[in-house]
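Novice: The structure file structure10.tsv (TSV, C-alpha atoms) is provided below.
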chain	number	residue	atom	x	y	z
W	1	LEU	CA	-26.08	-3.39	-173.92
W	2	LEU	CA	-27.58	-6.58	-172.51
W	3	CYS	CA	-28.51	-9.27	-175.01
W	4	THR	CA	-30.57	-12.20	-173.83
W	5	MET	CA	-30.10	-15.21	-176.07
W	6	THR	CA	-32.25	-18.24	-176.64
W	7	MET	CA	-31.56	-21.08	-179.05
W	8	MET	CA	-34.77	-22.27	-180.70
W	9	SER	CA	-33.43	-25.72	-181.53
W	10	LEU	CA	-34.84	-29.24	-181.26
W	11	ALA	CA	-33.69	-29.44	-177.64
W	12	ALA	CA	-35.74	-27.68	-174.98
W	13	THR	CA	-34.06	-25.11	-172.75
W	14	ALA	CA	-34.68	-24.21	-169.14
W	15	PRO	CA	-37.01	-21.23	-168.61
W	16	LEU	CA	-35.24	-17.91	-168.21
W	17	ASN	CA	-36.52	-15.12	-165.95
W	18	LEU	CA	-35.60	-11.89	-167.70
W	19	ALA	CA	-37.13	-9.74	-164.95
W	20	GLU	CA	-34.77	-11.28	-162.40
W	21	GLU	CA	-31.81	-10.73	-164.71
W	22	MET	CA	-32.77	-7.06	-165.06
W	23	SER	CA	-33.17	-6.69	-161.30
W	24	ASN	CA	-29.76	-8.22	-160.67
W	25	ASN	CA	-28.20	-5.97	-163.29
W	26	GLY	CA	-29.69	-2.90	-161.61
W	27	SER	CA	-29.90	-0.75	-164.74
W	28	GLU	CA	-32.30	0.12	-167.53
W	29	GLU	CA	-30.15	-1.01	-170.43
W	30	GLU	CA	-31.64	-1.69	-173.83
W	31	ARG	CA	-32.47	-5.37	-174.16
W	32	PHE	CA	-32.80	-7.76	-177.08
W	33	ILE	CA	-33.82	-11.38	-177.48
W	34	LEU	CA	-31.71	-13.22	-180.03
W	35	SER	CA	-32.68	-16.49	-181.68
W	36	TRP	CA	-31.08	-19.04	-183.98
W	37	GLY	CA	-31.25	-22.73	-184.89
W	38	SER	CA	-34.07	-24.85	-186.31
W	39	ASN	CA	-36.92	-22.83	-187.79
W	40	SER	CA	-38.93	-25.52	-189.58
W	41	CYS	CA	-42.14	-24.36	-187.85
W	42	ARG	CA	-41.17	-20.67	-187.54
W	43	GLN	CA	-40.25	-21.30	-183.90
W	44	SER	CA	-37.30	-18.90	-184.03
W	45	LEU	CA	-39.86	-16.04	-183.80
W	46	THR	CA	-37.74	-13.98	-186.19
W	47	ASP	CA	-38.61	-12.62	-189.63
W	48	GLU	CA	-36.57	-15.41	-191.24
W	49	ALA	CA	-38.60	-17.79	-193.46
W	50	SER	CA	-35.83	-20.37	-193.93
W	51	ALA	CA	-35.92	-23.78	-192.18
W	52	VAL	CA	-32.69	-22.96	-190.34
W	53	VAL	CA	-31.52	-19.67	-188.85
W	54	PRO	CA	-27.73	-20.23	-188.86
W	55	SER	CA	-26.72	-17.15	-186.88
W	56	PRO	CA	-28.32	-14.97	-184.18
W	57	ARG	CA	-31.24	-12.80	-185.28
W	58	VAL	CA	-33.21	-10.29	-183.22
W	59	VAL	CA	-36.72	-11.36	-182.22
W	60	PRO	CA	-39.01	-8.40	-183.14
W	61	CYS	CA	-40.51	-7.78	-179.70
W	62	LYS	CA	-42.52	-4.57	-179.46
W	63	ARG	CA	-42.75	-4.72	-175.67
W	64	ALA	CA	-40.59	-5.76	-172.74
W	65	MET	CA	-40.49	-9.50	-172.05
W	66	ARG	CA	-39.75	-10.97	-168.65
W	67	SER	CA	-39.50	-14.72	-169.25
W	68	LEU	CA	-39.01	-17.14	-172.13
W	69	ALA	CA	-38.75	-20.82	-173.01
W	70	ALA	CA	-37.93	-22.83	-176.14
W	71	GLY	CA	-39.62	-26.12	-176.98
W	72	TRP	CA	-39.21	-28.69	-179.74
W	73	GLU	CA	-41.25	-26.90	-182.42
W	74	ASN	CA	-42.39	-23.66	-180.78
W	75	SER	CA	-41.24	-20.92	-178.44
W	76	LEU	CA	-43.02	-18.81	-175.83
W	77	LEU	CA	-42.40	-15.46	-174.16
W	78	ILE	CA	-44.12	-13.72	-171.23
W	79	ASP	CA	-44.45	-9.94	-171.38
W	80	GLY	CA	-44.35	-7.48	-168.48
W	81	MET	CA	-48.10	-7.84	-167.92
W	82	GLY	CA	-47.91	-11.62	-167.73
W	83	SER	CA	-49.42	-12.31	-171.17
W	84	LEU	CA	-48.15	-15.23	-173.24
W	85	TRP	CA	-46.68	-14.67	-176.71
W	86	GLY	CA	-45.15	-17.19	-179.05
W	87	GLY	CA	-44.94	-18.90	-182.40
W	88	GLY	CA	-44.21	-22.18	-184.09
W	89	ALA	CA	-46.20	-25.39	-184.56
W	90	ASN	CA	-49.95	-24.99	-184.06
W	91	ARG	CA	-50.94	-28.67	-184.05
W	92	GLY	CA	-54.27	-29.13	-182.32
W	93	HIS	CA	-54.62	-25.34	-182.08
W	94	TRP	CA	-51.82	-25.38	-179.52
W	95	LEU	CA	-51.12	-21.64	-179.82
W	96	SER	CA	-54.15	-20.19	-181.60
W	97	GLU	CA	-57.78	-21.16	-182.05
W	98	GLU	CA	-58.41	-18.43	-184.61
W	99	SER	CA	-55.79	-19.76	-187.01
W	100	ASN	CA	-56.16	-23.04	-188.88
W	101	ASP	CA	-52.60	-22.80	-190.14
W	102	GLU	CA	-50.12	-25.45	-189.07
W	103	GLN	CA	-47.71	-22.71	-188.04
W	104	VAL	CA	-48.22	-19.46	-186.14
W	105	HIS	CA	-45.98	-16.44	-186.53
W	106	PHE	CA	-44.91	-14.48	-183.47
W	107	ALA	CA	-48.09	-13.21	-181.76
W	108	ARG	CA	-50.03	-13.23	-178.51
W	109	LEU	CA	-51.46	-16.67	-177.76
W	110	ASP	CA	-55.10	-16.86	-178.82
W	111	LEU	CA	-56.69	-19.29	-176.35
W	112	VAL	CA	-59.79	-18.14	-174.51
W	113	GLU	CA	-58.81	-19.78	-171.21
W	114	LEU	CA	-55.60	-17.72	-171.10
W	115	ASP	CA	-57.18	-14.34	-171.84
W	116	GLY	CA	-56.34	-11.85	-169.09
W	117	VAL	CA	-54.54	-14.47	-166.97
W	118	PRO	CA	-51.10	-13.29	-165.77
W	119	PHE	CA	-48.23	-15.80	-165.86
W	120	GLU	CA	-44.70	-15.66	-164.50
W	121	ALA	CA	-43.02	-18.72	-166.05
W	122	VAL	CA	-43.59	-21.23	-168.84
W	123	GLN	CA	-42.01	-24.45	-170.09
W	124	MET	CA	-42.72	-26.89	-172.94
W	125	GLY	CA	-42.29	-30.53	-173.86
W	126	ARG	CA	-42.82	-32.02	-177.29
W	127	ASP	CA	-46.63	-31.98	-177.07
W	128	HIS	CA	-47.46	-30.05	-173.91
W	129	THR	CA	-47.07	-26.72	-172.11
W	130	LEU	CA	-46.90	-25.85	-168.40
W	131	ALA	CA	-47.37	-22.22	-167.33
W	132	VAL	CA	-47.13	-20.90	-163.77
W	133	LEU	CA	-49.66	-18.29	-162.67
W	134	GLU	CA	-48.28	-15.07	-161.20
W	135	GLY	CA	-47.31	-15.60	-157.59
W	136	GLY	CA	-47.07	-19.36	-158.11
W	137	ARG	CA	-50.80	-19.72	-157.40
W	138	ALA	CA	-51.29	-22.63	-159.80
W	139	VAL	CA	-50.00	-24.42	-162.90
W	140	ILE	CA	-52.04	-24.28	-166.12
W	141	SER	CA	-51.28	-26.94	-168.72
W	142	TRP	CA	-52.46	-27.82	-172.22
W	143	GLY	CA	-51.32	-29.28	-175.52
W	144	PRO	CA	-52.16	-31.21	-178.69
W	145	SER	CA	-51.55	-34.62	-177.06
W	146	ASN	CA	-51.81	-36.15	-173.60
W	147	GLU	CA	-50.83	-39.67	-174.62
W	148	PHE	CA	-48.72	-40.30	-171.52
W	149	GLY	CA	-50.60	-38.07	-169.06
W	150	GLN	CA	-47.92	-35.37	-169.36
W	151	ILE	CA	-50.50	-32.56	-169.21
W	152	GLY	CA	-51.62	-33.61	-165.74
W	153	HIS	CA	-55.37	-33.38	-166.34
W	154	GLY	CA	-57.79	-34.77	-168.88
W	155	LEU	CA	-57.75	-38.24	-170.41
W	156	PRO	CA	-54.46	-39.85	-171.56
W	157	TYR	CA	-55.25	-39.83	-175.27
W	158	ARG	CA	-53.41	-38.60	-178.36
W	159	SER	CA	-55.81	-35.70	-178.71
W	160	ARG	CA	-56.00	-32.06	-177.71
W	161	VAL	CA	-56.40	-31.05	-174.08
W	162	ARG	CA	-57.55	-27.48	-173.45
W	163	PRO	CA	-55.87	-25.29	-170.80
W	164	GLY	CA	-56.74	-26.41	-167.29
W	165	VAL	CA	-55.35	-26.53	-163.76
W	166	VAL	CA	-52.92	-29.22	-162.61
W	167	HIS	CA	-54.29	-30.40	-159.26
W	168	LEU	CA	-51.71	-29.70	-156.54
W	169	SER	CA	-54.04	-29.03	-153.57
W	170	GLY	CA	-53.38	-25.29	-153.63
W	171	ILE	CA	-49.64	-25.56	-152.94
W	172	THR	CA	-47.59	-22.55	-154.08
W	173	VAL	CA	-45.44	-23.38	-157.12
W	174	LYS	CA	-41.82	-22.29	-157.46
W	175	GLN	CA	-40.77	-23.85	-160.78
W	176	VAL	CA	-41.88	-26.20	-163.57
W	177	ALA	CA	-39.90	-28.33	-166.00
W	178	CYS	CA	-40.88	-30.43	-169.01
W	179	GLY	CA	-39.21	-33.44	-170.51
W	180	GLU	CA	-40.25	-34.74	-173.89
W	181	TYR	CA	-43.30	-36.54	-172.50
W	182	HIS	CA	-43.25	-35.89	-168.75
W	183	SER	CA	-43.55	-32.96	-166.35
W	184	LEU	CA	-42.14	-31.88	-162.99
W	185	VAL	CA	-43.41	-29.23	-160.57
W	186	LEU	CA	-41.37	-27.82	-157.69
W	187	THR	CA	-43.32	-26.26	-154.80
W	188	ALA	CA	-42.26	-23.42	-152.52
W	189	HIS	CA	-41.78	-26.03	-149.76
W	190	GLY	CA	-39.20	-27.94	-151.78
W	191	GLU	CA	-41.49	-30.81	-152.78
W	192	VAL	CA	-41.46	-32.26	-156.29
W	193	PHE	CA	-44.56	-33.49	-158.13
W	194	ALA	CA	-44.28	-35.56	-161.32
W	195	PHE	CA	-46.58	-36.87	-164.05
W	196	GLY	CA	-46.45	-38.25	-167.58
W	197	SER	CA	-44.26	-40.87	-169.21
W	198	ASN	CA	-42.18	-42.98	-166.85
W	199	LEU	CA	-40.65	-45.47	-169.27
W	200	HIS	CA	-37.13	-44.60	-168.15
W	201	GLY	CA	-38.00	-43.83	-164.51
W	202	ALA	CA	-38.05	-40.05	-165.01
W	203	LEU	CA	-40.84	-39.54	-162.44
W	204	GLY	CA	-38.80	-40.87	-159.52
W	205	SER	CA	-41.65	-43.02	-158.28
W	206	GLY	CA	-39.67	-46.24	-158.07
W	207	ARG	CA	-41.92	-47.67	-160.79
W	208	ARG	CA	-42.00	-47.40	-164.57
W	209	ASP	CA	-45.71	-46.97	-165.27
W	210	PRO	CA	-46.99	-43.56	-166.48
W	211	GLN	CA	-48.87	-41.19	-164.17
W	212	GLU	CA	-51.91	-39.24	-165.41
W	213	GLN	CA	-52.13	-37.01	-162.33
W	214	ALA	CA	-49.47	-35.13	-160.38
W	215	GLU	CA	-47.99	-37.30	-157.63
W	216	ARG	CA	-45.43	-36.19	-155.08
W	217	VAL	CA	-42.01	-37.80	-155.39
W	218	GLY	CA	-41.70	-39.68	-152.09
W	219	SER	CA	-39.52	-38.12	-149.40
W	220	ASN	CA	-37.90	-41.52	-148.91
W	221	HIS	CA	-36.55	-41.31	-152.50
W	222	LEU	CA	-35.30	-37.75	-151.88
W	223	ARG	CA	-33.89	-38.59	-148.43
W	224	GLY	CA	-36.26	-36.10	-146.84
W	225	MET	CA	-34.36	-33.11	-148.22
W	226	PRO	CA	-36.16	-30.06	-149.68
W	227	ILE	CA	-35.33	-29.48	-153.36
W	228	ARG	CA	-34.21	-26.04	-154.54
W	229	GLY	CA	-34.38	-26.43	-158.32
W	230	ILE	CA	-35.40	-28.81	-161.10
Would you mind giving the structure from this file in structure tokens?

Specialist:
Amino acid sequence: LLCTMTMMSLAATAPLNLAEEMSNNGSEEERFILSWGSNSCRQSLTDEASAVVPSPRVVPCKRAMRSLAAGWENSLLIDGMGSLWGGGANRGHWLSEESNDEQVHFARLDLVELDGVPFEAVQMGRDHTLAVLEGGRAVISWGPSNEFGQIGHGLPYRSRVRPGVVHLSGITVKQVACGEYHSLVLTAHGEVFAFGSNLHGALGSGRRDPQEQAERVGSNHLRGMPIRGI
């Protein structure tokens, strides 16, 4: 029995590739996703209605999932076909346009721009989402607020930004990561691009002003070395 665990708490976790874990394991064991922690917005994805899930509960997945990520107030999964599923806070119709509820229970994401688009990885900040297209072809981002430019496209306002492409000049993407209000993208060539809040120097630019568009972290700051993970 292989149990994959994710804590849906107020601290974001790194994205987990379940397909890779299965490949490394080399068997077809039964798999579960377990969740516990804060559930104030139903982000645990379980059947629990309480604000806190104090011990592990099984997430009721009806299909195989290959990747997952936990954000501040919501959680996302990617199924075997590359479709995005999730639940939690739905501010600014973050997860569903059909629902006007402030919270969304575990379901496939209902955003027209994502319909039929296969993804391989996803990550979330407090108010934004980054999702990598299958094969690392591009990064799609969206969210209920782009106040610091953390979405990487659109205007830097505290209002909804619909799913769109982060402009990276067609470079193949290996990995994405989200801080609370900033974003990082790692390319297949080992380059790092950053955008969003830079109050504490998180973008590695040598400055402290925010960046609305993805900018490559200078090779002089990284000593010319290719980066393997973020």

Novice: I'd like to know which of W:Cys41, W:Val58, W:Leu155, W:Leu199 is closest to W:Asn90, using all atoms listed in the file.

Specialist: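 Closest candidate: W:Cys41.
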
Novice: By how many Å are atom CA of W:Leu109 and atom CA of W:Ser38 apart?

Specialist: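 We find that atom CA of W:Leu109 and atom CA of W:Ser38 lie 21.0 Å from each other.
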
Novice: By how many Å are atom CA of W:Glu98 and atom CA of W:Val161 apart?

Specialist: 16.6 Å

Novice: Pick the closest to W:Phe119 from W:Arg66, W:His153, W:Arg158, W:Arg91: which is it, counting all atoms listed in the file?

Specialist: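 Checking each candidate against W:Phe119, we get W:Arg66 as the closest.
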
Novice: Please work out which residues fall within 9 Å of (-53.7, -26.0, -189.1), coordinates as given in the file, with only C-alpha atoms counting, and return them as a PyMOL selection string.

Specialist: chain W and resi 89-93+99-103

Novice: Within 8 Å of W:Gly218, counting only C-alpha atoms, which residues show up once you throw out same-chain ones fewer than 3 positions away? Write them as a list in words, please.

Specialist: Ser205, His221 and Leu222 of chain W

Novice: Keeping only C-alpha atoms, write those residues as a compact mmCIF listing (two decimals), keeping the file's coordinate frame.

Specialist:
# COMPACT_ATOMS: atom_id res chain seq x y z
CA SER W 205 -41.65 -43.02 -158.28
CA HIS W 221 -36.55 -41.31 -152.50
CA LEU W 222 -35.30 -37.75 -151.88

Novice: Quick one: residues within 12 Å of W:Val104, all atoms listed in the file, excluding same-chain residues fewer than 4 positions away - as a PyMOL selection string?

Specialist: chain W and resi 39-46+73-76+85-91+93-100+108-110

Novice: I'd like the box whose edges run along x, y and z of the file and which contains every listed atom of stretch 83-102 of chain W, padded by 4 Å per side; could you state its centre and edge lengths in Å, one decimal, as AutoDock Vina command-line options?

Specialist:
--center_x -51.3 --center_y -20.7 --center_z -180.7 --size_x 22.2 --size_y 24.8 --size_z 27.0

Novice: Skip W:Gly116 itself and residues of its chain fewer than 2 positions away, then list as a VMD selection string all residues within 8 Å of it, counting all atoms listed in the file.

Specialist: chain W and resid 83 114 118

Novice: Excluding W:Trp142 and its own-chain neighbours fewer than 6 positions away, which residues fall within 8 Å of it when counting all atoms listed in the file? Please give them as a list in words.

Specialist: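 These residues fall inside the cut-off: Trp94, His128, Thr129, Leu130, Ile151, Arg160, Val161, Arg162, Pro163 and Gly164 of chain W.
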
Novice: Grab the atom CA of W:Asp79 to atom CA of W:Gln123 distance for me, in Å with one decimal place.

Specialist: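 Pair atom CA of W:Asp79 / atom CA of W:Gln123 returns 14.8 Å.
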
Novice: Rank nothing, just name the residue among W:Ala64, W:Phe106, W:Gly71, W:Gly154 nearest to W:Glu48, using all atoms listed in the file.

Specialist: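 Among the listed residues, W:Phe106 lies closest to W:Glu48.
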
Novice: Show me, as a VMD selection string, the residues that have an atom within 12 Å of W:Tyr157 when counting only C-alpha atoms, minus same-chain residues fewer than 6 positions from it.

Specialist: chain W and resid 127 143 to 151 196 212

Novice: Please produce a file of those selected residues containing C-alpha atoms, as a PDB file, in the coordinates of the input.

Specialist:
ATOM      1  CA  ASP W 127     -46.630 -31.980-177.070  1.00  0.00           C
ATOM      2  CA  GLY W 143     -51.320 -29.280-175.520  1.00  0.00           C
ATOM      3  CA  PRO W 144     -52.160 -31.210-178.690  1.00  0.00           C
ATOM      4  CA  SER W 145     -51.550 -34.620-177.060  1.00  0.00           C
ATOM      5  CA  ASN W 146     -51.810 -36.150-173.600  1.00  0.00           C
ATOM      6  CA  GLU W 147     -50.830 -39.670-174.620  1.00  0.00           C
ATOM      7  CA  PHE W 148     -48.720 -40.300-171.520  1.00  0.00           C
ATOM      8  CA  GLY W 149     -50.600 -38.070-169.060  1.00  0.00           C
ATOM      9  CA  GLN W 150     -47.920 -35.370-169.360  1.00  0.00           C
ATOM     10  CA  ILE W 151     -50.500 -32.560-169.210  1.00  0.00           C
ATOM     11  CA  GLY W 196     -46.450 -38.250-167.580  1.00  0.00           C
ATOM     12  CA  GLU W 212     -51.910 -39.240-165.410  1.00  0.00           C
TER      13      GLU W 212
END
